[in-house]
Amino acid sequence: MIALAPLTAALPYLVKPALDEIFFNKDSRMLIYIPAAVAAIYVLKGLFDFGQYYLMSYIGQSVIRDLRDEMYRKLEEMSVGFFVRHPTGELLSRMNNDVSLVQGAMTNAITGVVRDVGQIIALLFVVFYRDWKLALLAMVIFPLAIYPLLNFGRRLKRYSRRMLVSLEDITTRLDETISGIRIVKAFAMEDYERERFRAENQKLFNAFMRRFKVRALSNPVMETLGGLGVCAILTYGGYQVIGGHSTPGTFFSFIAALFMLYEPIKRLNEANMTIQEGVAAGERIFGLLDTPPDIVDQPDAIELDAVREEVLFDRVSFSYDTGEQVLEDVTLRIKVGEAIAVVGESGAGKSTLFDLLPRFYDVTAGAVKIDGTDIRRFTQRSLRQKIGIVTQQTILFDDTVRNNIAYGRPDLPLEQVVEAAKAAHAHTFIMNMPQGYDTVIGENGIKLSGGERQRIAIARAILKDPPILILDEATSNLDSDSEKAVQTALEELMKGRTTLVAAHRLSTIRNANRIYVLAHGRMIEDGPHDELLARGGEFARLYNLQFAGQGPPSNGPSGVSTARM
Ligand SMILES: Nc1ncnc2c1ncn2[C@@H]1O[C@H](COP(=O)(O)OP(=O)(O)OP(=O)(O)O)[C@@H](O)[C@H]1O
Ligand SMILES: [Mg+2]
């Protein structure tokens, strides 16, 4: 860039000797020197131009790559609550659209600014050197150009921000309708959704157009101002030449430099606009990067190496951002190797309670403790390594069965994966699939049935082999046949582990060591199954509600009950 500037300025500089020596003085030696110099300048200029463009792009793209990595790292660091507050579409849009605006600013604009400023300075030097009085005259229009330049920049920043918000909205809309397409179709809501999309799209269009209006205005405004300047100079400069105070060579050298000045100034104006857009996007990106994660490891956090005695929910209270108290003063004690069950009506707070153990959320009062140590003292990583979670919403990846079961450990031998699948009663149906363990199961396991999906999730938990197990409604959306298979798989999984079960279906928890009854976030009863039933309280009420007219239940599904279940 530094080399480019004098090379660029050398061209108009040479206009004076070219005109005055060749055309007026008819000096034939100059006929060789000057074209040779021009040729050399162009070759060098080309080389440096290539070098600066390539290197600056390299720097720009490296910055963008690092920024993306940083954003991704940040997203992974955020707590579950963050993702509840920010819809998927919003985050996707920020990752793609905002980053590409910054990318535009980095590669095209910021890189160009240094080059253009260098050229402007060099050209100004020629302009002043040739005729400083004329140059001063030309400078008069400069302040006139500054104001629109700043004004356009400010407005673009504002419009870009609006455009990015609009892009976020439309991405969220898109994400929701694509992933919810079955519901959209089932409710014949295509027209409604199309109208909603059209409205968002129109908003985006308007935002874009406002932005382009500023961009479209900026060039003509700059050009007109420049033209006015040239008029003034032509008049005064021509007058000087006619009056014999200057040579045509000086004048044309001056004019050539002035015209060449126009290009970098125009580009600088473009760059300013692109940079302002980049700044708008950058502010949003750094807004995200600067958001402190709500759940972090303590600086002196310790590793949880084993669970030896118990898991204790010690007078735990919790509320979401909404402020409403979801859990109040809940105490729950689970000895190692025991299985406890939490029952309660829908919305009682069962899932919320279980989310506190892997620290998806932190308690607002009280503490969750393992062997007497507050879990906030442990590193999140070591804590979560000890916990296996199977819920009714199984999360699977668009990958092979094998990789889904061995999630995070692709180098695990196939035999171990098969063993886990067998224990989860999943081996048979996996072998019936076209490519067996190498079958790709689609986004979120869309090519599998609900029960199959759950058994894969259970196989994954078996393979992870965690000492603590959370089963949240793990069998609730299955028919009784697959429930039985999943139930058996779960019992396999629960052997020797400390287990927390949540279920509506009271038949699934009959053999838990202890049952806790949760109502509106408060623990109202607890005890062994039969004792609770005999007590005739809330548990008995729930129980009778479910089994009304079904006769007394038999003692668990035959042959599947274990010591714990
Ligand atoms: N992310 C959230 N933000 C705000 N409130 C929430 C959030 N998740 C759940 N709630 C509220 O917290 C309460 C308890 O919800 P939770 O999911 O723990 O109930 P549950 O006992 O698991 O119910 P179910 O049996 O239907 O699964 C509900 O009133 C629910 O509306
Ligand atoms: Mg729940």
# chains A, B, ... in the order shown; residues from 1 in each chain; ligands from 1
$ residues_around --residues "stretch 287-292 of chain A" --least-positions-apart "2" --cutoff "8 Å" --atoms "only C-alpha atoms" --output "PyMOL selection string"
chain A and resi 70-71+74+283-285+294
$ residues_near_ligand --ligand "ligand 1" --cutoff "6 Å" --atoms "only C-alpha atoms and all ligand atoms" --output "list in words"
Val84, Tyr320, Thr322, Val326, Glu345, Ser346, Gly347, Ala348, Gly349, Lys350, Ser351 and Thr352 of chain A
$ write_last_selection --atoms "N, CA, C and O atoms" --output "PDB file, in the first residue's frame"
ATOM      1  N   VAL A  84     -33.236 -20.086  25.755  1.00  0.00           N
ATOM      2  CA  VAL A  84     -34.680 -19.892  25.886  1.00  0.00           C
ATOM      3  C   VAL A  84     -35.014 -18.446  25.519  1.00  0.00           C
ATOM      4  O   VAL A  84     -36.007 -18.167  24.853  1.00  0.00           O
ATOM      5  N   TYR A 320     -37.721 -18.682  37.251  1.00  0.00           N
ATOM      6  CA  TYR A 320     -37.179 -18.293  35.937  1.00  0.00           C
ATOM      7  C   TYR A 320     -37.124 -16.773  35.874  1.00  0.00           C
ATOM      8  O   TYR A 320     -37.538 -16.090  36.811  1.00  0.00           O
ATOM      9  N   THR A 322     -38.984 -14.833  34.579  1.00  0.00           N
ATOM     10  CA  THR A 322     -40.305 -14.230  34.736  1.00  0.00           C
ATOM     11  C   THR A 322     -40.577 -13.840  36.182  1.00  0.00           C
ATOM     12  O   THR A 322     -41.505 -13.088  36.454  1.00  0.00           O
ATOM     13  N   VAL A 326     -41.133 -20.971  40.920  1.00  0.00           N
ATOM     14  CA  VAL A 326     -41.499 -22.278  40.370  1.00  0.00           C
ATOM     15  C   VAL A 326     -41.241 -23.392  41.387  1.00  0.00           C
ATOM     16  O   VAL A 326     -41.990 -24.352  41.488  1.00  0.00           O
ATOM     17  N   GLU A 345     -48.612 -32.972  39.272  1.00  0.00           N
ATOM     18  CA  GLU A 345     -49.348 -32.615  38.069  1.00  0.00           C
ATOM     19  C   GLU A 345     -48.454 -31.879  37.080  1.00  0.00           C
ATOM     20  O   GLU A 345     -47.381 -31.389  37.443  1.00  0.00           O
ATOM     21  N   SER A 346     -48.928 -31.804  35.872  1.00  0.00           N
ATOM     22  CA  SER A 346     -48.190 -31.081  34.848  1.00  0.00           C
ATOM     23  C   SER A 346     -47.981 -29.635  35.293  1.00  0.00           C
ATOM     24  O   SER A 346     -48.903 -28.994  35.767  1.00  0.00           O
ATOM     25  N   GLY A 347     -46.732 -29.158  35.157  1.00  0.00           N
ATOM     26  CA  GLY A 347     -46.449 -27.787  35.563  1.00  0.00           C
ATOM     27  C   GLY A 347     -46.076 -27.656  37.025  1.00  0.00           C
ATOM     28  O   GLY A 347     -45.838 -26.553  37.521  1.00  0.00           O
ATOM     29  N   ALA A 348     -45.998 -28.786  37.727  1.00  0.00           N
ATOM     30  CA  ALA A 348     -45.674 -28.739  39.155  1.00  0.00           C
ATOM     31  C   ALA A 348     -44.215 -28.310  39.375  1.00  0.00           C
ATOM     32  O   ALA A 348     -43.888 -27.747  40.412  1.00  0.00           O
ATOM     33  N   GLY A 349     -43.355 -28.590  38.393  1.00  0.00           N
ATOM     34  CA  GLY A 349     -41.954 -28.184  38.537  1.00  0.00           C
ATOM     35  C   GLY A 349     -40.963 -29.340  38.522  1.00  0.00           C
ATOM     36  O   GLY A 349     -39.805 -29.154  38.878  1.00  0.00           O
ATOM     37  N   LYS A 350     -41.407 -30.504  38.058  1.00  0.00           N
ATOM     38  CA  LYS A 350     -40.536 -31.691  38.075  1.00  0.00           C
ATOM     39  C   LYS A 350     -39.318 -31.497  37.174  1.00  0.00           C
ATOM     40  O   LYS A 350     -38.176 -31.699  37.594  1.00  0.00           O
ATOM     41  N   SER A 351     -39.584 -31.105  35.932  1.00  0.00           N
ATOM     42  CA  SER A 351     -38.461 -30.944  34.989  1.00  0.00           C
ATOM     43  C   SER A 351     -37.530 -29.828  35.457  1.00  0.00           C
ATOM     44  O   SER A 351     -36.306 -29.940  35.354  1.00  0.00           O
ATOM     45  N   THR A 352     -38.131 -28.772  35.965  1.00  0.00           N
ATOM     46  CA  THR A 352     -37.331 -27.658  36.473  1.00  0.00           C
ATOM     47  C   THR A 352     -36.411 -28.140  37.591  1.00  0.00           C
ATOM     48  O   THR A 352     -35.214 -27.819  37.614  1.00  0.00           O
TER      49      THR A 352
END
$ residues_near_ligand --ligand "ligand 2" --cutoff "12 Å" --atoms "only C-alpha atoms and all ligand atoms" --output "JSON, numbers by chain"
{"A": [342, 343, 344, 345, 346, 347, 348, 349, 350, 351, 352, 353, 354, 355, 390, 391, 392, 393, 470, 471, 472, 473, 474, 476, 501, 502, 503, 504, 518]}
$ write_last_selection --atoms "C-alpha atoms" --output "compact mmCIF listing (two decimals), in the first residue's frame"
# COMPACT_ATOMS: atom_id res chain seq x y z
CA VAL A 342 -40.94 -37.20 41.76
CA VAL A 343 -44.59 -37.07 40.83
CA GLY A 344 -46.96 -34.21 40.46
CA GLU A 345 -49.35 -32.62 38.07
CA SER A 346 -48.19 -31.08 34.85
CA GLY A 347 -46.45 -27.79 35.56
CA ALA A 348 -45.67 -28.74 39.16
CA GLY A 349 -41.95 -28.18 38.54
CA LYS A 350 -40.54 -31.69 38.08
CA SER A 351 -38.46 -30.94 34.99
CA THR A 352 -37.33 -27.66 36.47
CA LEU A 353 -36.17 -29.45 39.61
CA PHE A 354 -34.15 -31.96 37.61
CA ASP A 355 -32.62 -29.22 35.45
CA VAL A 390 -33.07 -39.33 29.22
CA THR A 391 -36.12 -37.19 28.58
CA GLN A 392 -39.21 -37.45 26.49
CA GLN A 393 -37.67 -35.09 23.95
CA ILE A 470 -32.16 -38.43 35.33
CA LEU A 471 -35.22 -39.92 33.69
CA ASP A 472 -37.77 -37.25 32.93
CA GLU A 473 -41.02 -38.68 31.57
CA ALA A 474 -38.82 -41.03 29.64
CA SER A 476 -44.57 -40.98 28.56
CA VAL A 501 -37.37 -40.34 37.87
CA ALA A 502 -40.21 -38.03 36.98
CA ALA A 503 -43.42 -39.44 35.63
CA HIS A 504 -47.11 -38.81 35.26
CA LEU A 518 -44.61 -32.00 44.15
$ residues_around --residues "stretch 6-21 of chain A" --least-positions-apart "4" --cutoff "10 Å" --atoms "only C-alpha atoms" --output "PyMOL selection string"
chain A and resi 1-2+25-31+33-35+37-38+40-42+44-45+48+118-127+129-130+247-261
$ write_last_selection --atoms "C-alpha atoms" --output "JSON list (two decimals), in the first residue's frame"
[["chain", "number", "residue", "atom", "x", "y", "z"],
["A", 1, "MET", "CA", 0.00, 0.00, 0.00],
["A", 2, "ILE", "CA", 2.79, 2.34, 0.90],
["A", 25, "ASN", "CA", 9.81, 21.39, -26.73],
["A", 26, "LYS", "CA", 9.84, 18.37, -29.12],
["A", 27, "ASP", "CA", 12.59, 16.71, -27.07],
["A", 28, "SER", "CA", 12.97, 13.24, -28.72],
["A", 29, "ARG", "CA", 15.02, 11.79, -25.83],
["A", 30, "MET", "CA", 11.98, 12.19, -23.62],
["A", 31, "LEU", "CA", 10.03, 10.12, -26.16],
["A", 33, "TYR", "CA", 12.37, 8.01, -21.17],
["A", 34, "ILE", "CA", 8.81, 8.92, -20.36],
["A", 35, "PRO", "CA", 7.00, 5.92, -21.97],
["A", 37, "ALA", "CA", 8.96, 5.20, -17.01],
["A", 38, "VAL", "CA", 5.18, 4.87, -17.48],
["A", 40, "ALA", "CA", 7.75, 0.49, -15.42],
["A", 41, "ILE", "CA", 5.32, 2.29, -13.11],
["A", 42, "TYR", "CA", 2.38, 0.22, -14.34],
["A", 44, "LEU", "CA", 5.32, -2.22, -10.41],
["A", 45, "LYS", "CA", 1.90, -0.85, -9.53],
["A", 48, "PHE", "CA", 2.08, -4.14, -5.43],
["A", 118, "GLY", "CA", -2.05, 6.87, 0.89],
["A", 119, "GLN", "CA", -2.94, 7.63, -2.70],
["A", 120, "ILE", "CA", -4.88, 10.74, -1.74],
["A", 121, "ILE", "CA", -1.92, 12.11, 0.18],
["A", 122, "ALA", "CA", 0.48, 11.39, -2.68],
["A", 123, "LEU", "CA", -1.85, 12.92, -5.26],
["A", 124, "LEU", "CA", -2.45, 15.97, -3.07],
["A", 125, "PHE", "CA", 1.29, 16.40, -2.98],
["A", 126, "VAL", "CA", 1.38, 16.55, -6.80],
["A", 127, "VAL", "CA", -1.60, 18.93, -6.86],
["A", 129, "TYR", "CA", 3.43, 21.01, -5.99],
["A", 130, "ARG", "CA", 2.11, 21.89, -9.42],
["A", 247, "THR", "CA", 2.23, 26.31, -18.68],
["A", 248, "PRO", "CA", -0.30, 23.90, -20.20],
["A", 249, "GLY", "CA", 1.90, 21.09, -18.83],
["A", 250, "THR", "CA", 1.53, 22.33, -15.26],
["A", 251, "PHE", "CA", -2.19, 22.80, -15.71],
["A", 252, "PHE", "CA", -2.85, 19.35, -17.20],
["A", 253, "SER", "CA", -0.60, 17.68, -14.66],
["A", 254, "PHE", "CA", -2.69, 19.40, -12.02],
["A", 255, "ILE", "CA", -6.00, 18.41, -13.64],
["A", 256, "ALA", "CA", -4.83, 14.81, -14.14],
["A", 257, "ALA", "CA", -3.92, 14.52, -10.46],
["A", 258, "LEU", "CA", -7.22, 16.09, -9.50],
["A", 259, "PHE", "CA", -9.20, 13.63, -11.63],
["A", 260, "MET", "CA", -7.20, 10.75, -10.23],
["A", 261, "LEU", "CA", -8.00, 12.05, -6.75]]
$ select_by_dssp --residues "stretch 231-413 of chain A" --states "strand (DSSP E or B)" --output "VMD selection string"
chain A and resid 302 310 to 319 325 to 335 339 to 343 365 to 370 373 to 374 378 387 to 391 400
$ write_last_selection --atoms "C-alpha atoms" --output "PDB file, in the first residue's frame"
ATOM      1  CA  ILE A 302     -12.863 -28.549  41.871  1.00  0.00           C
ATOM      2  CA  GLU A 310     -25.765 -38.877  48.368  1.00  0.00           C
ATOM      3  CA  VAL A 311     -27.331 -36.208  46.227  1.00  0.00           C
ATOM      4  CA  LEU A 312     -29.176 -33.602  48.256  1.00  0.00           C
ATOM      5  CA  PHE A 313     -31.538 -30.858  47.194  1.00  0.00           C
ATOM      6  CA  ASP A 314     -31.229 -28.686  50.270  1.00  0.00           C
ATOM      7  CA  ARG A 315     -34.175 -26.274  50.686  1.00  0.00           C
ATOM      8  CA  VAL A 316     -34.043 -25.355  47.039  1.00  0.00           C
ATOM      9  CA  SER A 317     -36.036 -22.471  45.576  1.00  0.00           C
ATOM     10  CA  PHE A 318     -36.050 -21.409  41.980  1.00  0.00           C
ATOM     11  CA  SER A 319     -37.672 -18.900  39.651  1.00  0.00           C
ATOM     12  CA  GLN A 325     -41.595 -18.862  42.051  1.00  0.00           C
ATOM     13  CA  VAL A 326     -41.499 -22.278  40.370  1.00  0.00           C
ATOM     14  CA  LEU A 327     -39.859 -24.214  43.211  1.00  0.00           C
ATOM     15  CA  GLU A 328     -40.125 -23.314  46.852  1.00  0.00           C
ATOM     16  CA  ASP A 329     -38.090 -24.771  49.669  1.00  0.00           C
ATOM     17  CA  VAL A 330     -37.796 -28.238  48.143  1.00  0.00           C
ATOM     18  CA  THR A 331     -35.716 -30.806  50.003  1.00  0.00           C
ATOM     19  CA  LEU A 332     -34.854 -34.131  48.428  1.00  0.00           C
ATOM     20  CA  ARG A 333     -32.307 -36.704  49.498  1.00  0.00           C
ATOM     21  CA  ILE A 334     -31.091 -39.539  47.266  1.00  0.00           C
ATOM     22  CA  LYS A 335     -28.646 -42.082  48.643  1.00  0.00           C
ATOM     23  CA  ALA A 339     -33.972 -44.548  42.825  1.00  0.00           C
ATOM     24  CA  ILE A 340     -36.391 -41.840  43.805  1.00  0.00           C
ATOM     25  CA  ALA A 341     -39.402 -40.631  41.908  1.00  0.00           C
ATOM     26  CA  VAL A 342     -40.937 -37.196  41.757  1.00  0.00           C
ATOM     27  CA  VAL A 343     -44.590 -37.074  40.833  1.00  0.00           C
ATOM     28  CA  ALA A 365     -32.002 -20.061  47.040  1.00  0.00           C
ATOM     29  CA  GLY A 366     -30.784 -23.135  48.893  1.00  0.00           C
ATOM     30  CA  ALA A 367     -28.301 -25.492  47.281  1.00  0.00           C
ATOM     31  CA  VAL A 368     -27.945 -28.759  45.456  1.00  0.00           C
ATOM     32  CA  LYS A 369     -25.212 -30.802  47.060  1.00  0.00           C
ATOM     33  CA  ILE A 370     -23.299 -33.938  46.211  1.00  0.00           C
ATOM     34  CA  THR A 373     -20.476 -30.119  48.562  1.00  0.00           C
ATOM     35  CA  ASP A 374     -22.487 -27.458  46.757  1.00  0.00           C
ATOM     36  CA  PHE A 378     -17.546 -28.324  40.895  1.00  0.00           C
ATOM     37  CA  ILE A 387     -24.995 -37.352  34.916  1.00  0.00           C
ATOM     38  CA  GLY A 388     -26.967 -39.171  32.243  1.00  0.00           C
ATOM     39  CA  ILE A 389     -30.225 -37.655  31.070  1.00  0.00           C
ATOM     40  CA  VAL A 390     -33.067 -39.334  29.224  1.00  0.00           C
ATOM     41  CA  THR A 391     -36.119 -37.189  28.585  1.00  0.00           C
ATOM     42  CA  THR A 400     -25.350 -42.552  11.882  1.00  0.00           C
TER      43      THR A 400
END
$ residues_around --residues "A:Asp169" --least-positions-apart "2" --cutoff "8 Å" --atoms "only C-alpha atoms" --output "PDB file with N, CA, C and O atoms, in the first residue's frame"
ATOM      1  N   GLY A  89     -33.410 -18.802  15.327  1.00  0.00           N
ATOM      2  CA  GLY A  89     -33.269 -17.986  14.119  1.00  0.00           C
ATOM      3  C   GLY A  89     -32.445 -16.740  14.370  1.00  0.00           C
ATOM      4  O   GLY A  89     -31.619 -16.345  13.552  1.00  0.00           O
ATOM      5  N   GLU A  90     -32.661 -16.125  15.526  1.00  0.00           N
ATOM      6  CA  GLU A  90     -31.927 -14.906  15.858  1.00  0.00           C
ATOM      7  C   GLU A  90     -30.419 -15.176  15.911  1.00  0.00           C
ATOM      8  O   GLU A  90     -29.613 -14.433  15.361  1.00  0.00           O
ATOM      9  N   VAL A 165     -31.987  -6.594  12.303  1.00  0.00           N
ATOM     10  CA  VAL A 165     -33.070  -7.053  13.180  1.00  0.00           C
ATOM     11  C   VAL A 165     -34.142  -7.728  12.327  1.00  0.00           C
ATOM     12  O   VAL A 165     -34.667  -8.788  12.659  1.00  0.00           O
ATOM     13  N   SER A 166     -34.423  -7.127  11.181  1.00  0.00           N
ATOM     14  CA  SER A 166     -35.411  -7.679  10.282  1.00  0.00           C
ATOM     15  C   SER A 166     -34.979  -9.058   9.762  1.00  0.00           C
ATOM     16  O   SER A 166     -35.786  -9.982   9.679  1.00  0.00           O
ATOM     17  N   LEU A 167     -33.696  -9.173   9.448  1.00  0.00           N
ATOM     18  CA  LEU A 167     -33.171 -10.464   9.002  1.00  0.00           C
ATOM     19  C   LEU A 167     -33.321 -11.517  10.091  1.00  0.00           C
ATOM     20  O   LEU A 167     -33.617 -12.677   9.824  1.00  0.00           O
ATOM     21  N   THR A 171     -35.466 -14.958   9.788  1.00  0.00           N
ATOM     22  CA  THR A 171     -34.820 -16.253   9.991  1.00  0.00           C
ATOM     23  C   THR A 171     -35.560 -17.049  11.061  1.00  0.00           C
ATOM     24  O   THR A 171     -35.739 -18.263  10.930  1.00  0.00           O
ATOM     25  N   THR A 172     -35.976 -16.371  12.114  1.00  0.00           N
ATOM     26  CA  THR A 172     -36.731 -17.047  13.170  1.00  0.00           C
ATOM     27  C   THR A 172     -38.037 -17.608  12.610  1.00  0.00           C
ATOM     28  O   THR A 172     -38.399 -18.758  12.858  1.00  0.00           O
ATOM     29  N   ARG A 173     -38.747 -16.778  11.838  1.00  0.00           N
ATOM     30  CA  ARG A 173     -39.994 -17.210  11.193  1.00  0.00           C
ATOM     31  C   ARG A 173     -39.751 -18.486  10.390  1.00  0.00           C
ATOM     32  O   ARG A 173     -40.460 -19.475  10.487  1.00  0.00           O
ATOM     33  N   GLU A 200     -43.111 -10.056   7.082  1.00  0.00           N
ATOM     34  CA  GLU A 200     -41.716  -9.945   7.526  1.00  0.00           C
ATOM     35  C   GLU A 200     -40.816  -9.602   6.343  1.00  0.00           C
ATOM     36  O   GLU A 200     -39.906  -8.784   6.443  1.00  0.00           O
TER      37      GLU A 200
END
$ select_by_dssp --residues "stretch 229-443 of chain A" --states "helix (DSSP H, G or I)" --output "number ranges by chain"
A: 229-242, 248-289, 350-355, 375-377, 380-385, 401-405, 414-423, 427-431, 436-438, 443
$ residues_around --residues "stretch 132-134 of chain A" --least-positions-apart "4" --cutoff "8 Å" --atoms "only C-alpha atoms" --output "JSON, numbers by chain"
{"A": [127, 128, 138, 233, 236, 237]}
$ write_last_selection --atoms "C-alpha atoms" --output "compact mmCIF listing (two decimals), in the first residue's frame"
# COMPACT_ATOMS: atom_id res chain seq x y z
CA VAL A 127 -1.60 18.93 -6.86
CA PHE A 128 0.02 21.35 -4.43
CA ALA A 138 -10.02 22.94 -5.12
CA ILE A 233 -10.62 25.28 -11.34
CA TYR A 236 -9.36 30.05 -12.94
CA GLY A 237 -6.65 27.70 -14.26
$ residues_around --residues "A:Arg381" --least-positions-apart "5" --cutoff "9 Å" --atoms "only C-alpha atoms" --output "list in words"
Glu303, Leu304 and Lys386 of chain A
$ residues_around --residues "A:Ser79" --least-positions-apart "5" --cutoff "7 Å" --atoms "only C-alpha atoms" --output "list in words"
Pro293, Asp294, Ile295 and Phe360 of chain A
$ write_last_selection --atoms "N, CA, C and O atoms" --output "PDB file, in the first residue's frame"
ATOM      1  N   PRO A 293     -21.780 -15.115  30.614  1.00  0.00           N
ATOM      2  CA  PRO A 293     -22.608 -16.302  30.795  1.00  0.00           C
ATOM      3  C   PRO A 293     -23.153 -16.333  32.218  1.00  0.00           C
ATOM      4  O   PRO A 293     -22.433 -15.960  33.153  1.00  0.00           O
ATOM      5  N   ASP A 294     -24.431 -16.717  32.394  1.00  0.00           N
ATOM      6  CA  ASP A 294     -24.989 -16.665  33.753  1.00  0.00           C
ATOM      7  C   ASP A 294     -24.525 -17.831  34.611  1.00  0.00           C
ATOM      8  O   ASP A 294     -24.659 -17.796  35.828  1.00  0.00           O
ATOM      9  N   ILE A 295     -24.003 -18.876  33.980  1.00  0.00           N
ATOM     10  CA  ILE A 295     -23.501 -19.983  34.787  1.00  0.00           C
ATOM     11  C   ILE A 295     -22.036 -20.223  34.427  1.00  0.00           C
ATOM     12  O   ILE A 295     -21.716 -20.572  33.297  1.00  0.00           O
ATOM     13  N   PHE A 360     -28.261 -26.745  34.484  1.00  0.00           N
ATOM     14  CA  PHE A 360     -28.800 -26.049  33.317  1.00  0.00           C
ATOM     15  C   PHE A 360     -29.312 -24.693  33.792  1.00  0.00           C
ATOM     16  O   PHE A 360     -29.296 -23.715  33.072  1.00  0.00           O
TER      17      PHE A 360
END
$ atom_distance --atom1 "atom CA of A:Leu136" --atom2 "atom CA of A:Ala232"
11.4 Å
$ closest_atom_pairs --of "stretch 200-266 of chain A" --to "stretch 152-160 of chain A" --cutoff "7 Å" --atoms "only C-alpha atoms" --output "JSON lines"
{"residue": "A:Ala207", "atom": "CA", "partner": "A:Tyr159", "partner_atom": "CA", "distance": 6.5}
{"residue": "A:Arg210", "atom": "CA", "partner": "A:Tyr159", "partner_atom": "CA", "distance": 6.8}
{"residue": "A:Arg211", "atom": "CA", "partner": "A:Tyr159", "partner_atom": "CA", "distance": 5.6}
{"residue": "A:Val214", "atom": "CA", "partner": "A:Phe152", "partner_atom": "CA", "distance": 6.3}
$ write_last_selection --atoms "all heavy atoms" --output "PDB file, in the first residue's frame"
ATOM      1  N   ALA A 207     -36.428  -2.166   4.774  1.00  0.00           N
ATOM      2  CA  ALA A 207     -35.173  -1.848   5.451  1.00  0.00           C
ATOM      3  C   ALA A 207     -34.024  -1.799   4.439  1.00  0.00           C
ATOM      4  O   ALA A 207     -33.181  -0.897   4.466  1.00  0.00           O
ATOM      5  CB  ALA A 207     -34.884  -2.872   6.540  1.00  0.00           C
ATOM      6  N   ARG A 210     -34.294   1.399   2.211  1.00  0.00           N
ATOM      7  CA  ARG A 210     -33.869   2.631   2.867  1.00  0.00           C
ATOM      8  C   ARG A 210     -32.340   2.720   2.852  1.00  0.00           C
ATOM      9  O   ARG A 210     -31.757   3.766   2.627  1.00  0.00           O
ATOM     10  CB  ARG A 210     -34.388   2.669   4.297  1.00  0.00           C
ATOM     11  CG  ARG A 210     -35.272   3.907   4.531  1.00  0.00           C
ATOM     12  CD  ARG A 210     -35.843   3.886   5.890  1.00  0.00           C
ATOM     13  NE  ARG A 210     -36.903   2.998   5.802  1.00  0.00           N
ATOM     14  CZ  ARG A 210     -37.475   2.211   6.711  1.00  0.00           C
ATOM     15  NH1 ARG A 210     -37.173   2.203   7.778  1.00  0.00           N
ATOM     16  NH2 ARG A 210     -38.410   1.410   6.552  1.00  0.00           N
ATOM     17  N   ARG A 211     -31.730   1.555   3.059  1.00  0.00           N
ATOM     18  CA  ARG A 211     -30.277   1.506   3.071  1.00  0.00           C
ATOM     19  C   ARG A 211     -29.731   1.830   1.681  1.00  0.00           C
ATOM     20  O   ARG A 211     -28.778   2.592   1.531  1.00  0.00           O
ATOM     21  CB  ARG A 211     -29.893   0.098   3.525  1.00  0.00           C
ATOM     22  CG  ARG A 211     -28.469  -0.259   3.360  1.00  0.00           C
ATOM     23  CD  ARG A 211     -28.226  -1.645   3.950  1.00  0.00           C
ATOM     24  NE  ARG A 211     -26.911  -2.113   3.589  1.00  0.00           N
ATOM     25  CZ  ARG A 211     -26.660  -3.317   3.071  1.00  0.00           C
ATOM     26  NH1 ARG A 211     -27.641  -4.161   2.875  1.00  0.00           N
ATOM     27  NH2 ARG A 211     -25.446  -3.667   2.779  1.00  0.00           N
ATOM     28  N   VAL A 214     -29.791   5.581   0.631  1.00  0.00           N
ATOM     29  CA  VAL A 214     -28.648   6.360   1.108  1.00  0.00           C
ATOM     30  C   VAL A 214     -27.429   6.092   0.241  1.00  0.00           C
ATOM     31  O   VAL A 214     -26.725   6.998  -0.195  1.00  0.00           O
ATOM     32  CB  VAL A 214     -28.344   6.015   2.576  1.00  0.00           C
ATOM     33  CG1 VAL A 214     -27.092   6.723   3.032  1.00  0.00           C
ATOM     34  CG2 VAL A 214     -29.520   6.377   3.453  1.00  0.00           C
TER      35      VAL A 214
END
$ atom_distance --atom1 "atom CA of A:Ile441" --atom2 "atom CA of A:Asp398"
5.9 Å
$ atom_distance --atom1 "atom CA of A:Val184" --atom2 "atom CA of A:Gly451"
24.1 Å
$ decode --residues "stretch 289-307 of chain A" --atoms "C-alpha atoms" --output "PDB file, in the first residue's frame"
ATOM      1  CA  LEU A 289     -19.563 -11.664  22.882  1.00  0.00           C
ATOM      2  CA  ASP A 290     -19.653  -9.361  25.907  1.00  0.00           C
ATOM      3  CA  THR A 291     -22.709 -11.019  27.443  1.00  0.00           C
ATOM      4  CA  PRO A 292     -21.412 -12.692  30.566  1.00  0.00           C
ATOM      5  CA  PRO A 293     -22.608 -16.302  30.795  1.00  0.00           C
ATOM      6  CA  ASP A 294     -24.989 -16.665  33.753  1.00  0.00           C
ATOM      7  CA  ILE A 295     -23.501 -19.983  34.787  1.00  0.00           C
ATOM      8  CA  VAL A 296     -19.727 -20.138  35.106  1.00  0.00           C
ATOM      9  CA  ASP A 297     -17.192 -22.265  36.914  1.00  0.00           C
ATOM     10  CA  GLN A 298     -15.760 -20.727  40.036  1.00  0.00           C
ATOM     11  CA  PRO A 299     -12.118 -19.741  39.553  1.00  0.00           C
ATOM     12  CA  ASP A 300     -11.063 -22.382  42.073  1.00  0.00           C
ATOM     13  CA  ALA A 301     -13.651 -24.963  41.000  1.00  0.00           C
ATOM     14  CA  ILE A 302     -12.863 -28.549  41.871  1.00  0.00           C
ATOM     15  CA  GLU A 303     -13.351 -31.784  39.952  1.00  0.00           C
ATOM     16  CA  LEU A 304     -16.171 -34.077  40.929  1.00  0.00           C
ATOM     17  CA  ASP A 305     -14.419 -37.428  40.760  1.00  0.00           C
ATOM     18  CA  ALA A 306     -17.043 -39.737  42.220  1.00  0.00           C
ATOM     19  CA  VAL A 307     -20.427 -39.724  43.920  1.00  0.00           C
TER      20      VAL A 307
END
